[in-house]
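This is my_file14.cif (mmCIF, C-alpha atoms and all ligand atoms).
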```cif
data_target
#
loop_
_atom_site.label_atom_id
_atom_site.label_comp_id
_atom_site.auth_asym_id
_atom_site.auth_seq_id
_atom_site.Cartn_x
_atom_site.Cartn_y
_atom_site.Cartn_z
CA MET M 22 -16.55 -26.52 -8.53
CA ALA M 23 -14.48 -26.02 -5.35
CA ALA M 24 -15.13 -22.86 -3.34
CA LEU M 25 -13.61 -19.87 -5.11
CA ARG M 26 -13.16 -16.43 -3.54
CA GLY M 27 -12.59 -13.03 -5.06
CA GLY M 28 -10.07 -10.44 -3.93
CA ILE M 29 -9.73 -6.83 -5.06
CA ASP M 30 -6.83 -4.55 -4.20
CA LEU M 31 -8.05 -1.00 -4.68
CA GLY M 32 -4.85 0.97 -5.06
CA GLY M 33 -4.12 4.60 -5.89
CA THR M 34 -2.60 3.51 -9.21
CA LYS M 35 -4.18 0.21 -10.12
CA ILE M 36 -7.12 -2.02 -9.35
CA GLU M 37 -6.02 -5.64 -9.11
CA ALA M 38 -8.72 -8.32 -9.06
CA ILE M 39 -8.12 -12.04 -8.53
CA VAL M 40 -10.06 -15.24 -8.01
CA VAL M 41 -8.42 -17.82 -5.71
CA ASP M 42 -9.19 -21.36 -4.62
CA ALA M 43 -9.18 -22.80 -1.10
CA SER M 44 -5.35 -22.97 -1.02
CA ASN M 45 -5.02 -19.32 -2.13
CA THR M 46 -3.83 -20.28 -5.63
CA VAL M 47 -4.71 -17.58 -8.17
CA LYS M 48 -7.12 -19.03 -10.74
CA GLY M 49 -7.92 -15.82 -12.62
CA SER M 50 -6.84 -12.20 -12.54
CA SER M 51 -7.37 -8.81 -14.14
CA ARG M 52 -5.76 -5.44 -13.67
CA HIS M 53 -7.00 -1.94 -14.58
CA PRO M 54 -5.59 1.52 -13.92
CA THR M 55 -7.46 3.34 -11.14
CA PRO M 56 -9.58 6.13 -12.68
CA THR M 57 -7.92 9.54 -12.32
CA ALA M 58 -11.20 11.48 -12.59
CA GLY M 59 -14.82 11.09 -11.53
CA GLY M 60 -15.82 9.74 -8.14
CA PRO M 61 -16.38 6.61 -6.03
CA ALA M 62 -19.12 5.27 -8.35
CA ASP M 63 -16.70 5.39 -11.30
CA VAL M 64 -14.04 3.59 -9.28
CA ALA M 65 -16.58 0.94 -8.24
CA LYS M 66 -17.52 0.43 -11.91
CA VAL M 67 -13.91 -0.42 -12.81
CA MET M 68 -13.72 -2.74 -9.78
CA VAL M 69 -16.80 -4.60 -11.06
CA GLN M 70 -15.29 -4.87 -14.53
CA ALA M 71 -11.94 -6.13 -13.19
CA LEU M 72 -13.41 -8.83 -10.94
CA SER M 73 -15.87 -9.95 -13.64
CA GLU M 74 -12.91 -10.45 -15.97
CA ALA M 75 -10.95 -12.30 -13.28
CA ALA M 76 -13.94 -14.58 -12.65
CA LYS M 77 -14.33 -15.24 -16.36
CA SER M 78 -10.66 -16.18 -16.70
CA ALA M 79 -11.14 -18.56 -13.75
CA GLY M 80 -14.07 -20.14 -15.58
CA THR M 81 -16.75 -18.84 -13.23
CA GLU M 82 -19.04 -15.86 -12.56
CA THR M 83 -18.95 -13.39 -9.68
CA GLY M 84 -22.33 -14.65 -8.39
CA ASP M 85 -20.86 -18.14 -7.92
CA LEU M 86 -17.97 -16.92 -5.71
CA THR M 87 -18.18 -17.69 -1.96
CA GLY M 88 -17.57 -14.00 -1.44
CA VAL M 89 -15.36 -11.10 -2.41
CA GLY M 90 -12.84 -9.33 -0.17
CA VAL M 91 -11.69 -5.79 -0.87
CA GLY M 92 -8.70 -3.89 0.44
CA SER M 93 -9.47 -0.17 0.23
CA PRO M 94 -7.66 2.99 1.26
CA GLY M 95 -9.42 5.28 3.71
CA ALA M 96 -11.48 4.65 6.83
CA VAL M 97 -13.65 1.55 6.49
CA SER M 98 -16.76 1.01 8.65
CA PRO M 99 -17.81 -2.53 9.65
CA SER M 100 -20.62 -2.34 7.05
CA GLY M 101 -18.16 -1.50 4.28
CA VAL M 102 -18.70 2.25 3.97
CA VAL M 103 -15.43 3.86 2.86
CA THR M 104 -14.69 7.42 3.94
CA ALA M 105 -11.92 9.80 2.84
CA ALA M 106 -10.03 7.43 0.56
CA ARG M 107 -7.13 9.73 -0.21
CA ASN M 108 -5.36 9.20 -3.54
CA LEU M 109 -8.68 8.16 -5.15
CA PRO M 110 -10.61 10.64 -7.32
CA GLY M 111 -13.43 12.60 -5.67
CA TRP M 112 -13.49 10.32 -2.62
CA ASN M 113 -13.36 12.83 0.23
CA GLY M 114 -16.78 11.85 1.56
CA SER M 115 -18.36 8.46 2.31
CA PHE M 116 -19.41 5.79 -0.16
CA PRO M 117 -21.20 2.45 0.52
CA LEU M 118 -18.61 0.35 -1.32
CA ALA M 119 -19.57 -3.09 0.07
CA GLY M 120 -23.27 -2.56 -0.67
CA THR M 121 -22.64 -1.27 -4.18
CA LEU M 122 -20.37 -4.19 -5.04
CA GLU M 123 -22.69 -6.80 -3.44
CA THR M 124 -25.51 -5.67 -5.73
CA ALA M 125 -23.24 -5.85 -8.79
CA PHE M 126 -21.57 -9.19 -7.93
CA GLY M 127 -24.52 -11.08 -6.45
CA THR M 128 -22.40 -12.36 -3.56
CA ARG M 129 -21.26 -11.07 -0.16
CA VAL M 130 -18.50 -8.48 0.01
CA ILE M 131 -16.14 -7.72 2.91
CA VAL M 132 -14.18 -4.46 2.80
CA GLY M 133 -11.12 -3.84 4.94
CA ASN M 134 -8.47 -1.14 5.07
CA ASP M 135 -5.84 -1.97 2.44
CA VAL M 136 -2.85 -1.65 4.75
CA ALA M 137 -4.42 -3.71 7.56
CA VAL M 138 -5.44 -6.33 5.00
CA GLY M 139 -1.94 -6.41 3.49
CA THR M 140 -0.26 -6.71 6.89
CA GLN M 141 -2.67 -9.48 7.97
CA ALA M 142 -1.90 -11.37 4.75
CA GLU M 143 1.88 -11.17 5.31
CA TYR M 144 1.30 -12.30 8.91
CA ALA M 145 -0.95 -15.21 7.88
CA ILE M 146 0.77 -16.62 4.79
CA GLY M 147 3.64 -14.28 3.86
CA ALA M 148 7.02 -13.06 5.06
CA ALA M 149 5.80 -12.22 8.59
CA LYS M 150 4.63 -15.76 9.31
CA PRO M 151 7.47 -16.56 11.80
CA TYR M 152 6.91 -13.42 13.90
CA GLY M 153 4.52 -12.26 16.62
CA SER M 154 4.95 -8.47 16.46
CA VAL M 155 5.24 -6.94 13.04
CA LEU M 156 5.24 -3.57 11.30
CA GLY M 157 4.12 -3.66 7.66
CA VAL M 158 5.35 -0.70 5.61
CA PHE M 159 3.62 -0.28 2.27
CA TRP M 160 5.76 1.94 0.08
CA GLY M 161 3.53 2.94 -2.80
CA THR M 162 1.36 5.91 -3.83
CA GLY M 163 1.53 6.87 -0.16
CA VAL M 164 3.36 5.10 2.65
CA GLY M 165 0.99 3.03 4.79
CA GLY M 166 1.77 1.20 7.99
CA GLY M 167 0.07 -1.82 9.55
CA LEU M 168 0.87 -2.92 13.08
CA ILE M 169 0.43 -6.33 14.71
CA LEU M 170 1.54 -6.43 18.36
CA ASP M 171 1.75 -9.83 20.08
CA GLY M 172 -0.60 -11.27 17.47
CA GLN M 173 -3.09 -8.46 17.83
CA MET M 174 -3.91 -6.08 14.98
CA TRP M 175 -3.40 -2.66 16.50
CA HIS M 176 -5.97 -0.11 15.27
CA GLY M 177 -5.56 2.39 18.10
CA ARG M 178 -8.83 4.32 18.14
CA GLY M 179 -9.19 3.63 14.43
CA GLY M 180 -6.25 5.59 13.08
CA ALA M 181 -3.12 3.67 14.11
CA GLY M 182 -0.28 2.82 11.74
CA GLU M 183 0.16 6.09 9.88
CA ILE M 184 3.90 5.64 9.57
CA GLY M 185 3.90 7.75 6.40
CA HIS M 186 3.18 10.77 8.57
CA VAL M 187 5.97 10.46 11.10
CA VAL M 188 8.14 13.56 10.77
CA VAL M 189 11.55 13.16 9.16
CA LYS M 190 12.33 16.83 8.52
CA ASP M 191 11.40 19.97 10.41
CA ASN M 192 9.51 22.37 8.13
CA GLY M 193 10.24 20.00 5.24
CA ARG M 194 8.48 19.17 1.98
CA ARG M 195 4.70 19.58 1.91
CA CYS M 196 2.81 16.30 2.43
CA GLY M 197 -0.52 15.26 0.92
CA CYS M 198 -1.97 15.38 4.46
CA GLY M 199 -1.36 19.13 4.58
CA HIS M 200 1.57 19.11 7.01
CA ARG M 201 5.26 19.44 6.24
CA GLY M 202 8.18 17.06 6.57
CA CYS M 203 6.29 13.75 6.76
CA MET M 204 8.10 10.60 5.58
CA GLU M 205 5.45 10.22 2.85
CA ALA M 206 6.27 13.67 1.47
CA TYR M 207 9.68 12.22 0.52
CA ALA M 208 8.89 8.55 -0.09
CA GLY M 209 5.31 8.44 -1.42
CA ARG M 210 5.03 7.90 -5.17
CA ALA M 211 2.45 10.69 -5.53
CA SER M 212 4.58 13.20 -3.59
CA MET M 213 7.71 12.23 -5.53
CA GLU M 214 5.81 12.78 -8.78
CA ILE M 215 4.65 16.25 -7.72
CA LYS M 216 8.24 17.14 -6.78
CA ALA M 217 9.66 15.68 -10.01
CA ARG M 218 7.15 17.53 -12.23
CA LYS M 219 7.98 20.78 -10.40
CA GLU M 220 11.71 20.25 -10.98
CA ILE M 221 11.14 19.37 -14.66
CA LYS M 222 9.06 22.54 -15.10
CA LYS M 223 11.94 24.51 -13.59
CA GLY M 224 14.25 23.02 -16.22
CA ALA M 225 15.63 19.85 -14.66
CA LYS M 226 16.56 17.27 -17.29
CA SER M 227 14.73 13.97 -16.85
CA ASP M 228 13.28 11.15 -18.93
CA LEU M 229 10.47 10.46 -16.45
CA ILE M 230 7.74 11.95 -18.67
CA LYS M 231 9.12 10.23 -21.78
CA LEU M 232 9.17 6.87 -19.96
CA MET M 233 5.62 7.43 -18.70
CA LYS M 234 4.36 8.15 -22.22
CA LYS M 235 6.25 5.19 -23.64
CA LYS M 236 4.41 2.97 -21.16
CA ASP M 237 1.12 4.63 -22.12
CA ARG M 238 0.59 5.84 -18.55
CA VAL M 239 -0.63 9.14 -17.14
CA ARG M 240 1.34 8.85 -13.89
CA PHE M 241 4.88 8.09 -12.85
CA THR M 242 4.09 4.50 -11.85
CA SER M 243 6.44 2.28 -9.84
CA SER M 244 7.80 0.78 -13.06
CA VAL M 245 8.39 4.27 -14.54
CA TRP M 246 10.46 5.15 -11.45
CA PHE M 247 12.26 1.81 -11.60
CA ASP M 248 13.20 2.15 -15.27
CA ALA M 249 14.29 5.76 -14.77
CA VAL M 250 16.60 4.74 -11.92
CA GLU M 251 17.96 1.83 -14.00
CA MET M 252 18.75 4.35 -16.76
CA GLU M 253 20.49 6.51 -14.13
CA ASP M 254 18.10 9.40 -14.70
CA LYS M 255 19.59 12.02 -12.37
CA LEU M 256 16.33 13.46 -11.05
CA ALA M 257 14.77 10.01 -10.47
CA VAL M 258 17.90 8.71 -8.73
CA SER M 259 18.07 11.74 -6.46
CA LEU M 260 14.38 11.52 -5.48
CA ILE M 261 14.53 7.75 -4.87
CA ASP M 262 17.70 8.25 -2.77
CA GLN M 263 15.82 10.80 -0.65
CA ALA M 264 12.91 8.35 -0.36
CA VAL M 265 15.22 5.61 0.93
CA LEU M 266 16.74 7.96 3.52
CA ALA M 267 13.30 9.09 4.70
CA LEU M 268 12.11 5.46 4.96
CA GLY M 269 15.22 4.57 6.97
CA GLN M 270 14.67 7.44 9.39
CA GLY M 271 10.93 6.89 9.81
CA ILE M 272 11.07 3.11 10.14
CA ALA M 273 14.02 3.24 12.57
CA SER M 274 12.08 5.67 14.78
CA ALA M 275 9.08 3.34 14.79
CA VAL M 276 11.34 0.38 15.62
CA ASN M 277 12.95 2.31 18.51
CA LEU M 278 9.48 2.93 19.93
CA LEU M 279 7.97 -0.52 19.38
CA ASP M 280 10.91 -2.99 19.48
CA ILE M 281 8.99 -5.33 17.16
CA ASP M 282 10.30 -8.65 15.78
CA ALA M 283 10.10 -7.74 12.12
CA VAL M 284 9.46 -5.03 9.54
CA ILE M 285 7.92 -6.09 6.24
CA ILE M 286 8.45 -3.81 3.23
CA GLY M 287 5.71 -4.04 0.60
CA GLY M 288 3.69 -1.70 -1.61
CA GLY M 289 4.01 -0.89 -5.29
CA LEU M 290 7.46 0.70 -5.07
CA GLY M 291 8.64 -1.75 -2.40
CA THR M 292 7.86 -4.83 -4.47
CA ARG M 293 9.06 -3.22 -7.73
CA PHE M 294 12.43 -2.15 -6.32
CA GLY M 295 12.74 -5.39 -4.35
CA GLN M 296 15.46 -6.85 -2.12
CA PRO M 297 18.33 -4.50 -3.14
CA TYR M 298 16.24 -1.59 -1.88
CA VAL M 299 15.21 -3.41 1.30
CA ASP M 300 18.97 -3.71 1.91
CA ARG M 301 19.36 0.03 1.24
CA ILE M 302 16.51 0.81 3.66
CA ILE M 303 18.20 -1.36 6.32
CA ALA M 304 21.43 0.61 5.80
CA ALA M 305 19.48 3.88 6.07
CA MET M 306 17.88 2.68 9.33
CA GLU M 307 21.21 1.70 10.93
CA PRO M 308 22.42 5.16 12.02
CA HIS M 309 19.09 5.78 13.77
CA LEU M 310 18.50 2.48 15.57
CA PHE M 311 18.79 2.75 19.35
CA PRO M 312 22.10 1.28 20.57
CA GLY M 313 21.64 -1.80 22.68
CA HIS M 314 18.38 -2.88 21.08
CA THR M 315 18.33 -6.07 19.02
CA ASN M 316 17.72 -5.08 15.41
CA PRO M 317 14.49 -6.48 13.96
CA ALA M 318 14.33 -8.64 10.86
CA VAL M 319 13.57 -6.46 7.82
CA ALA M 320 12.14 -8.44 4.94
CA LEU M 321 10.57 -7.90 1.57
CA ALA M 322 6.83 -8.68 1.47
CA GLY M 323 6.46 -12.35 0.57
CA LEU M 324 3.24 -12.13 -1.41
CA GLY M 325 4.61 -9.73 -3.99
CA ASP M 326 2.54 -7.89 -6.52
CA MET M 327 -0.59 -9.88 -5.74
CA GLY M 328 -0.23 -9.43 -1.95
CA GLY M 329 -2.94 -6.79 -1.66
CA ALA M 330 -5.47 -8.79 -3.64
CA LEU M 331 -4.53 -12.05 -1.88
CA GLY M 332 -4.92 -10.35 1.48
CA ALA M 333 -8.28 -8.98 0.37
CA ALA M 334 -9.49 -12.48 -0.54
CA LEU M 335 -8.06 -13.85 2.71
CA GLN M 336 -10.58 -11.79 4.69
CA LEU M 337 -13.11 -14.49 3.84
CA LYS M 338 -10.87 -17.28 5.12
CA ARG M 339 -8.44 -16.59 7.90
CA THR M 340 -5.63 -19.06 8.51
CA ARG M 341 -3.42 -17.38 11.13
CA THR M 342 -5.59 -14.50 12.17
CA ALA M 343 -4.28 -11.56 14.11
CA ARG M 344 -6.85 -10.86 16.79
CA ALA M 345 -8.80 -7.64 16.34
CA ALA M 346 -7.81 -4.98 18.85
CA THR M 347 -10.45 -3.88 21.33
CA ARG M 348 -11.44 -0.31 20.76
CA ARG M 349 -11.23 1.88 23.84
CA PRO M 350 -12.73 5.36 23.95
CA GLY M 351 -10.29 8.26 23.78
CA LEU M 352 -9.79 10.87 26.50
CA ASN M 353 -11.93 13.45 24.76
CA GLU M 354 -14.75 11.11 23.85
CA ALA M 355 -17.98 10.95 25.79
ZN ZN M 401 1.70 13.77 6.06
#
```
Please rewrite the model in this file as structure tokens.
Amino acid sequence: MAALRGGIDLGGTKIEAIVVDASNTVKGSSRHPTPTAGGPADVAKVMVQALSEAAKSAGTETGDLTGVGVGSPGAVSPSGVVTAARNLPGWNGSFPLAGTLETAFGTRVIVGNDVAVGTQAEYAIGAAKPYGSVLGVFWGTGVGGGLILDGQMWHGRGGAGEIGHVVVKDNGRRCGCGHRGCMEAYAGRASMEIKARKEIKKGAKSDLIKLMKKKDRVRFTSSVWFDAVEMEDKLAVSLIDQAVLALGQGIASAVNLLDIDAVIIGGGLGTRFGQPYVDRIIAAMEPHLFPGHTNPAVALAGLGDMGGALGAALQLKRTRTARAATRRPGLNEA
């Protein structure tokens, strides 16, 4: 059988596992909700289950895959240790994710940061293919940013790309990072859910909880938000409107600073809400773009729902690779 690779997108809401062939065609897939309780070992267990199912549906076994790529939130060490994966249960410390999965799968495992992996994938085979300098904005549970400058993946000193934590409002809504007024506090799915539940508790009328239960979910997923907005649920519409404004402000500020060729909008909410909302984000950016600059292209992620998992698998086979940035020590480092 031709060389097959595995890819796992470890998201805050779902774990998407795929098996692809040499031309990145999906041969098998499986999707599970991300555990809401427990710790890293429990999350890893679901990842193993999901990829095993994807391999089975592709007519193979995990041990016969050339390798498995993983896109994970949090800080990822070169050996695949994942630290402080926010939005995942009990994952404030470090966990040897690559090692744990290698033992379970019987093949090599490469772990990368989910946002970097997603941006690289759009750059290599997705909507960012025509461009040299690109900002990937992943509008999902949080709001992640991946930056490729002149073909080089920009990591800074390890922490670059946190566009979700640019400030859009002085002393604004509390963010998951502990500060106030971050873009993510308005646009992140998790933050919007906290705000919505608070408003509902205070008596706001909304069908968000009813829609969630109808879908047999425990969270306000992207599709719960989408359906609520389609139904013109007042609370959902108002929170999504605020999210669009925050995204417009934050992304425009980043564009003013970087003058990049293109912005790619992806993530769970980004892909679910699609092109009409990319157009709304462009309109929300307009009043904040620096006069005289050439506006960048703003495009919907080209790899869609499977983009994260495809990007994860792509780590084992780079087509148009953004060069890794050289890490330079910071001012306060010895
Ligand atoms: Zn923040």
So that I can see what lies close to M:Asp282, please list as a PyMOL selection string the residues with an atom at most 12 Å from it, counting only C-alpha atoms and leaving out residues fewer than 2 positions away in the same chain. chain M and resi 144+149-157+168-172+276-277+279-280+284-285+314-320
Please report the interatomic distance between atom CA of M:Ala71 and atom CA of M:Ile39 in Å with one decimal. 8.4 Å
Can you tell me how far atom CA of M:Ala65 sits from atom CA of M:Thr242, in Å to one decimal? 21.3 Å
Which chain M residues have any atom within 10 Å of an atom of ligand ZN 401 (chain M), and for each, what is the nearest pair of atoms with distance in Å to one decimal, counting only C-alpha atoms and all ligand atoms, rows sorted by chain and number, as a Markdown table?
```
| residue | atom | partner | partner_atom | distance |
| --- | --- | --- | --- | --- |
| M:Gly163 | CA | M:ZN401 | ZN | 9.3 |
| M:Val164 | CA | M:ZN401 | ZN | 9.5 |
| M:Glu183 | CA | M:ZN401 | ZN | 8.7 |
| M:Ile184 | CA | M:ZN401 | ZN | 9.1 |
| M:Gly185 | CA | M:ZN401 | ZN | 6.4 |
| M:His186 | CA | M:ZN401 | ZN | 4.2 |
| M:Val187 | CA | M:ZN401 | ZN | 7.4 |
| M:Val188 | CA | M:ZN401 | ZN | 8.0 |
| M:Arg194 | CA | M:ZN401 | ZN | 9.6 |
| M:Arg195 | CA | M:ZN401 | ZN | 7.7 |
| M:Cys196 | CA | M:ZN401 | ZN | 4.6 |
| M:Gly197 | CA | M:ZN401 | ZN | 5.8 |
| M:Cys198 | CA | M:ZN401 | ZN | 4.3 |
| M:Gly199 | CA | M:ZN401 | ZN | 6.3 |
| M:His200 | CA | M:ZN401 | ZN | 5.4 |
| M:Arg201 | CA | M:ZN401 | ZN | 6.7 |
| M:Gly202 | CA | M:ZN401 | ZN | 7.3 |
| M:Cys203 | CA | M:ZN401 | ZN | 4.6 |
| M:Met204 | CA | M:ZN401 | ZN | 7.2 |
| M:Glu205 | CA | M:ZN401 | ZN | 6.1 |
| M:Ala206 | CA | M:ZN401 | ZN | 6.5 |
| M:Tyr207 | CA | M:ZN401 | ZN | 9.8 |
| M:Gly209 | CA | M:ZN401 | ZN | 9.9 |
```
All file atoms of stretch 53-59 of chain M boxed axis-aligned, 4 Å per side, centre plus edges, as JSON:
```
{"center_x": -10.2, "center_y": 4.8, "center_z": -12.9, "size_x": 17.2, "size_y": 21.4, "size_z": 11.4}
```
Contacts of M:Ala119 at 10 Å (only C-alpha atoms; same-chain gap of 4+ positions) as a list in words: Ala65, Val89, Gly90, Val91, Val97, Ser98, Pro99, Ser100, Gly101, Val102, Val103, Glu123, Thr124, Ala125, Arg129, Val130, Ile131, Val132 and Gly133 of chain M
Å distance separating atom CA of M:Arg240 from atom CA of M:Asp254, one decimal place: 16.8 Å
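Residues surrounding M:Asp30 within 8 Å are Ile36, Glu37, Ala38, Val91, Gly92, Ser93, Asp135, Gly329, Ala330 and Ala333 of chain M [only C-alpha atoms; sequence separation below 4 positions excluded].
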Any chance you could export the current selection's C-alpha atoms as a short mmCIF file (atom, residue, chain, number, x, y, z; two decimals), in the coordinates of the input?
```cif
data_model
loop_
_atom_site.label_atom_id
_atom_site.label_comp_id
_atom_site.auth_asym_id
_atom_site.auth_seq_id
_atom_site.Cartn_x
_atom_site.Cartn_y
_atom_site.Cartn_z
CA ILE M 36 -7.12 -2.02 -9.35
CA GLU M 37 -6.02 -5.64 -9.11
CA ALA M 38 -8.72 -8.32 -9.06
CA VAL M 91 -11.69 -5.79 -0.87
CA GLY M 92 -8.70 -3.89 0.44
CA SER M 93 -9.47 -0.17 0.23
CA ASP M 135 -5.84 -1.97 2.44
CA GLY M 329 -2.94 -6.79 -1.66
CA ALA M 330 -5.47 -8.79 -3.64
CA ALA M 333 -8.28 -8.98 0.37
#
```
Choose the residue, out of M:Ala62, M:Val69, M:Ala145, M:Ile215, that has the smallest atom-to-atom separation from M:Asn45; count all atoms listed in the file. M:Ala145
Pick out the residues sitting within 6 Å of M:Thr34, and hand them over as a list in words; count only C-alpha atoms, and ignore anything fewer than 2 positions along from it in its own chain. Gly32, Pro54 and Thr55 of chain M
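With all atoms listed in the file as the atoms that count, the minimum distance from M:Lys216 to the choices M:Leu256, M:Met327, M:Ala249, M:Ile281 is reached by M:Leu256.
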Using all atoms listed in the file, which of the listed residues (M:Leu86, M:Ile261, M:Ala106, M:Leu321) sits closest to M:Gly127? M:Leu86
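The closest residue to M:Met174, picked from M:Val47, M:Ala137, M:Ile29, M:Val40 and counting all atoms listed in the file, is M:Ala137.
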M:Thr57 environment, 12 Å, all atoms listed in the file, sequence neighbours closer than 6 positions dropped, as a ChimeraX atom specification: /M:32-36,63-64,67,108-112,238-240
